[in-house]
Amino acid sequence: MKVKSWSFSIRFMVLIGLLIVVAMVQLPVQIIALKSMNNMANLFLGIIYLLGFGLAVWFAYWAFRQVRQIPKSPMVVKDFQTILLTWLLFMVVQIGLGMINQLFYQQTQTSNNQAIIQILKSNHWALWLMACSAVVFSPVLEELIFRGYLINAFFSEKTKWWGIFTSGVLFSLGHQQGFNVISFLIYASLGWLLSYTYVKTQKIQVSIGVHALNNLFAMGIMILTVH
């Protein structure tokens, strides 16, 4: 149920603002990774990074609240089963597409993961900040935007499949470093699964759980690769 009736132009402008936030929020940790600075400078940028993420999550949650009455349904056992099964399904899809990616592009990692690995290799400040945000903050921020806000602001029950499709495409485009069709499909398939899970359960916590579990596994693998 929509809470407020915003015009299309306002909804679109808010979406653009949210997408800009997603693009900008990683800048402090990228600076830490690229420049050799002392611990005080790194600490200062780390605090800015975490505060920025906090503000970004607040903005995304506020936007979500403007277009959707958030149900107060508690998480139940079935929700946790859905999280696990959805993640396992994505693992199967990812392995299959990863084999195709290696066959045609000779890449064992997506371009986005390669960029993250370079950040993780740079120094321990970047490693721990990136690991923390990838597992805790990014899933919350991205699910509030790409599932919670986008689907509710622009699509109805009758057009939910278009919402699922659009959400997955935009989510994938936001994770591209250059363009590789297989890499695009990997992230799009994750976005579609997350979108379907959210639409099916009507619980943003469930899609956040799937996203966080996926990022936890991926980040663990990347940290092991780096070290």
# chains A, B, ... in the order shown; residues from 1 in each chain; ligands from 1

$ select_by_dssp --residues "stretch 81-112 of chain A" --states "helix (DSSP H, G or I)" --output "number ranges by chain"
A: 81-105, 111-112

$ write_last_selection --atoms "N, CA and C atoms" --output "PDB file, in the first residue's frame"
ATOM      1  N   GLN A  81      14.484 -20.082   5.857  1.00  0.00           N
ATOM      2  CA  GLN A  81      14.605 -21.137   4.847  1.00  0.00           C
ATOM      3  C   GLN A  81      14.639 -20.530   3.448  1.00  0.00           C
ATOM      4  N   THR A  82      13.813 -19.508   3.224  1.00  0.00           N
ATOM      5  CA  THR A  82      13.794 -18.826   1.933  1.00  0.00           C
ATOM      6  C   THR A  82      15.131 -18.164   1.647  1.00  0.00           C
ATOM      7  N   ILE A  83      15.716 -17.545   2.669  1.00  0.00           N
ATOM      8  CA  ILE A  83      17.031 -16.916   2.511  1.00  0.00           C
ATOM      9  C   ILE A  83      18.059 -17.940   2.064  1.00  0.00           C
ATOM     10  N   LEU A  84      18.113 -19.068   2.735  1.00  0.00           N
ATOM     11  CA  LEU A  84      19.107 -20.090   2.422  1.00  0.00           C
ATOM     12  C   LEU A  84      18.871 -20.697   1.038  1.00  0.00           C
ATOM     13  N   LEU A  85      17.626 -21.030   0.726  1.00  0.00           N
ATOM     14  CA  LEU A  85      17.330 -21.665  -0.557  1.00  0.00           C
ATOM     15  C   LEU A  85      17.578 -20.714  -1.728  1.00  0.00           C
ATOM     16  N   THR A  86      17.229 -19.439  -1.546  1.00  0.00           N
ATOM     17  CA  THR A  86      17.465 -18.458  -2.610  1.00  0.00           C
ATOM     18  C   THR A  86      18.956 -18.282  -2.853  1.00  0.00           C
ATOM     19  N   TRP A  87      19.732 -18.237  -1.785  1.00  0.00           N
ATOM     20  CA  TRP A  87      21.183 -18.100  -1.917  1.00  0.00           C
ATOM     21  C   TRP A  87      21.782 -19.324  -2.604  1.00  0.00           C
ATOM     22  N   LEU A  88      21.334 -20.512  -2.239  1.00  0.00           N
ATOM     23  CA  LEU A  88      21.845 -21.737  -2.866  1.00  0.00           C
ATOM     24  C   LEU A  88      21.504 -21.772  -4.353  1.00  0.00           C
ATOM     25  N   LEU A  89      20.304 -21.316  -4.698  1.00  0.00           N
ATOM     26  CA  LEU A  89      19.922 -21.249  -6.108  1.00  0.00           C
ATOM     27  C   LEU A  89      20.836 -20.304  -6.867  1.00  0.00           C
ATOM     28  N   PHE A  90      21.130 -19.146  -6.264  1.00  0.00           N
ATOM     29  CA  PHE A  90      22.033 -18.213  -6.932  1.00  0.00           C
ATOM     30  C   PHE A  90      23.426 -18.804  -7.076  1.00  0.00           C
ATOM     31  N   MET A  91      23.890 -19.570  -6.091  1.00  0.00           N
ATOM     32  CA  MET A  91      25.195 -20.209  -6.186  1.00  0.00           C
ATOM     33  C   MET A  91      25.270 -21.127  -7.409  1.00  0.00           C
ATOM     34  N   VAL A  92      24.197 -21.876  -7.652  1.00  0.00           N
ATOM     35  CA  VAL A  92      24.156 -22.757  -8.824  1.00  0.00           C
ATOM     36  C   VAL A  92      24.235 -21.936 -10.108  1.00  0.00           C
ATOM     37  N   VAL A  93      23.446 -20.855 -10.168  1.00  0.00           N
ATOM     38  CA  VAL A  93      23.446 -19.984 -11.349  1.00  0.00           C
ATOM     39  C   VAL A  93      24.815 -19.347 -11.533  1.00  0.00           C
ATOM     40  N   GLN A  94      25.401 -18.875 -10.442  1.00  0.00           N
ATOM     41  CA  GLN A  94      26.698 -18.203 -10.515  1.00  0.00           C
ATOM     42  C   GLN A  94      27.794 -19.145 -10.984  1.00  0.00           C
ATOM     43  N   ILE A  95      27.796 -20.369 -10.481  1.00  0.00           N
ATOM     44  CA  ILE A  95      28.803 -21.350 -10.898  1.00  0.00           C
ATOM     45  C   ILE A  95      28.685 -21.628 -12.396  1.00  0.00           C
ATOM     46  N   GLY A  96      27.452 -21.800 -12.870  1.00  0.00           N
ATOM     47  CA  GLY A  96      27.237 -22.061 -14.293  1.00  0.00           C
ATOM     48  C   GLY A  96      27.688 -20.896 -15.158  1.00  0.00           C
ATOM     49  N   LEU A  97      27.281 -19.680 -14.795  1.00  0.00           N
ATOM     50  CA  LEU A  97      27.693 -18.504 -15.567  1.00  0.00           C
ATOM     51  C   LEU A  97      29.186 -18.235 -15.422  1.00  0.00           C
ATOM     52  N   GLY A  98      29.742 -18.559 -14.240  1.00  0.00           N
ATOM     53  CA  GLY A  98      31.184 -18.382 -14.036  1.00  0.00           C
ATOM     54  C   GLY A  98      31.995 -19.272 -14.955  1.00  0.00           C
ATOM     55  N   MET A  99      31.540 -20.494 -15.185  1.00  0.00           N
ATOM     56  CA  MET A  99      32.227 -21.393 -16.110  1.00  0.00           C
ATOM     57  C   MET A  99      32.192 -20.851 -17.533  1.00  0.00           C
ATOM     58  N   ILE A 100      31.042 -20.288 -17.914  1.00  0.00           N
ATOM     59  CA  ILE A 100      30.933 -19.670 -19.243  1.00  0.00           C
ATOM     60  C   ILE A 100      31.839 -18.449 -19.341  1.00  0.00           C
ATOM     61  N   ASN A 101      31.900 -17.661 -18.266  1.00  0.00           N
ATOM     62  CA  ASN A 101      32.748 -16.467 -18.224  1.00  0.00           C
ATOM     63  C   ASN A 101      34.219 -16.848 -18.404  1.00  0.00           C
ATOM     64  N   GLN A 102      34.630 -17.909 -17.754  1.00  0.00           N
ATOM     65  CA  GLN A 102      36.017 -18.362 -17.870  1.00  0.00           C
ATOM     66  C   GLN A 102      36.302 -18.905 -19.266  1.00  0.00           C
ATOM     67  N   LEU A 103      35.311 -19.571 -19.869  1.00  0.00           N
ATOM     68  CA  LEU A 103      35.492 -20.158 -21.194  1.00  0.00           C
ATOM     69  C   LEU A 103      35.627 -19.096 -22.272  1.00  0.00           C
ATOM     70  N   PHE A 104      34.769 -18.084 -22.218  1.00  0.00           N
ATOM     71  CA  PHE A 104      34.740 -17.092 -23.293  1.00  0.00           C
ATOM     72  C   PHE A 104      35.594 -15.857 -23.009  1.00  0.00           C
ATOM     73  N   TYR A 105      35.729 -15.486 -21.730  1.00  0.00           N
ATOM     74  CA  TYR A 105      36.455 -14.259 -21.389  1.00  0.00           C
ATOM     75  C   TYR A 105      37.724 -14.520 -20.584  1.00  0.00           C
ATOM     76  N   SER A 111      34.322  -8.460 -13.172  1.00  0.00           N
ATOM     77  CA  SER A 111      35.119  -7.230 -13.142  1.00  0.00           C
ATOM     78  C   SER A 111      34.920  -6.475 -11.834  1.00  0.00           C
ATOM     79  N   ASN A 112      33.709  -6.517 -11.282  1.00  0.00           N
ATOM     80  CA  ASN A 112      33.442  -5.857 -10.007  1.00  0.00           C
ATOM     81  C   ASN A 112      34.227  -6.504  -8.879  1.00  0.00           C
TER      82      ASN A 112
END

$ residues_around --residues "A:Val14" --least-positions-apart "6" --cutoff "12 Å" --atoms "only C-alpha atoms" --output "PyMOL selection string"
chain A and resi 6-8+20-21+59-60+62-64+66-67+145+149-150+153-154

$ closest_residue --among "A:Ala218, A:Ala56, A:Val226, A:Val29" --to "A:Phe137" --atoms "only C-alpha atoms"
A:Ala56

$ closest_atom_pairs --of "stretch 45-82 of chain A" --to "stretch 198-210 of chain A" --cutoff "8 Å" --atoms "only C-alpha atoms" --output "CSV"
residue,atom,partner,partner_atom,distance
A:Pro71,CA,A:Lys203,CA,7.6
A:Ser73,CA,A:Lys203,CA,7.8
A:Met75,CA,A:Gln205,CA,7.9
A:Asp79,CA,A:Val206,CA,6.3
A:Phe80,CA,A:Val206,CA,7.5
A:Thr82,CA,A:Val206,CA,7.6

$ closest_residue --among "A:Gln69, A:Ser156, A:Ser133, A:Gln107" --to "A:Ala212" --atoms "only C-alpha atoms"
A:Ser133

$ closest_residue --among "A:Gln109, A:Ser189, A:Asn215, A:Asn152" --to "A:Gln177" --atoms "only C-alpha atoms"
A:Gln109

$ residues_around --residues "A:Ala115" --least-positions-apart "6" --cutoff "12 Å" --atoms "only C-alpha atoms" --output "list in words"
Gln30, Ala33, Leu34, Gln109, Lys121, Ser122, Met130, His175, Gln176, Gln177, Gly178 and Met222 of chain A

$ write_last_selection --atoms "N, CA and C atoms" --output "PDB file, in the first residue's frame"
ATOM      1  N   GLN A  30      37.942   4.080  -1.333  1.00  0.00           N
ATOM      2  CA  GLN A  30      38.745   4.060  -2.560  1.00  0.00           C
ATOM      3  C   GLN A  30      39.952   4.979  -2.429  1.00  0.00           C
ATOM      4  N   ALA A  33      42.473   3.228  -0.319  1.00  0.00           N
ATOM      5  CA  ALA A  33      43.143   2.170  -1.077  1.00  0.00           C
ATOM      6  C   ALA A  33      44.171   2.718  -2.056  1.00  0.00           C
ATOM      7  N   LEU A  34      43.913   3.902  -2.601  1.00  0.00           N
ATOM      8  CA  LEU A  34      44.776   4.440  -3.652  1.00  0.00           C
ATOM      9  C   LEU A  34      45.950   5.247  -3.123  1.00  0.00           C
ATOM     10  N   GLN A 109      36.889 -14.189 -12.127  1.00  0.00           N
ATOM     11  CA  GLN A 109      36.126 -13.285 -11.270  1.00  0.00           C
ATOM     12  C   GLN A 109      35.418 -12.269 -12.145  1.00  0.00           C
ATOM     13  N   LYS A 121      43.603  -5.708  -1.369  1.00  0.00           N
ATOM     14  CA  LYS A 121      45.051  -5.917  -1.373  1.00  0.00           C
ATOM     15  C   LYS A 121      45.826  -4.679  -0.937  1.00  0.00           C
ATOM     16  N   SER A 122      45.199  -3.510  -1.028  1.00  0.00           N
ATOM     17  CA  SER A 122      45.935  -2.255  -0.859  1.00  0.00           C
ATOM     18  C   SER A 122      46.489  -2.076   0.553  1.00  0.00           C
ATOM     19  N   MET A 130      36.058  -2.300   3.807  1.00  0.00           N
ATOM     20  CA  MET A 130      35.314  -2.873   2.697  1.00  0.00           C
ATOM     21  C   MET A 130      34.570  -4.134   3.128  1.00  0.00           C
ATOM     22  N   HIS A 175      26.837  -2.613 -10.852  1.00  0.00           N
ATOM     23  CA  HIS A 175      27.968  -3.440 -10.416  1.00  0.00           C
ATOM     24  C   HIS A 175      28.927  -3.769 -11.562  1.00  0.00           C
ATOM     25  N   GLN A 176      28.870  -2.974 -12.632  1.00  0.00           N
ATOM     26  CA  GLN A 176      29.734  -3.242 -13.777  1.00  0.00           C
ATOM     27  C   GLN A 176      30.956  -2.340 -13.782  1.00  0.00           C
ATOM     28  N   GLN A 177      32.104  -2.938 -14.054  1.00  0.00           N
ATOM     29  CA  GLN A 177      33.347  -2.196 -14.291  1.00  0.00           C
ATOM     30  C   GLN A 177      33.722  -2.484 -15.744  1.00  0.00           C
ATOM     31  N   GLY A 178      33.293  -1.594 -16.676  1.00  0.00           N
ATOM     32  CA  GLY A 178      33.335  -1.975 -18.072  1.00  0.00           C
ATOM     33  C   GLY A 178      32.089  -2.817 -18.335  1.00  0.00           C
ATOM     34  N   MET A 222      37.143 -13.865  -1.238  1.00  0.00           N
ATOM     35  CA  MET A 222      38.087 -12.863  -1.734  1.00  0.00           C
ATOM     36  C   MET A 222      39.197 -12.581  -0.724  1.00  0.00           C
TER      37      MET A 222
END

$ residues_around --residues "A:Leu120" --least-positions-apart "3" --cutoff "12 Å" --atoms "only C-alpha atoms" --output "PyMOL selection string"
chain A and resi 29-30+32-34+113-117+123-132+134+219-227

$ closest_residue --among "A:Leu55, A:Leu15, A:Leu216, A:Ala41" --to "A:Val136" --atoms "only C-alpha atoms"
A:Leu216

$ residues_around --residues "A:Tyr187" --least-positions-apart "2" --cutoff "9 Å" --atoms "only C-alpha atoms" --output "ChimeraX atom specification"
/A:94,168-169,171-173,175-176,182-185,189-192
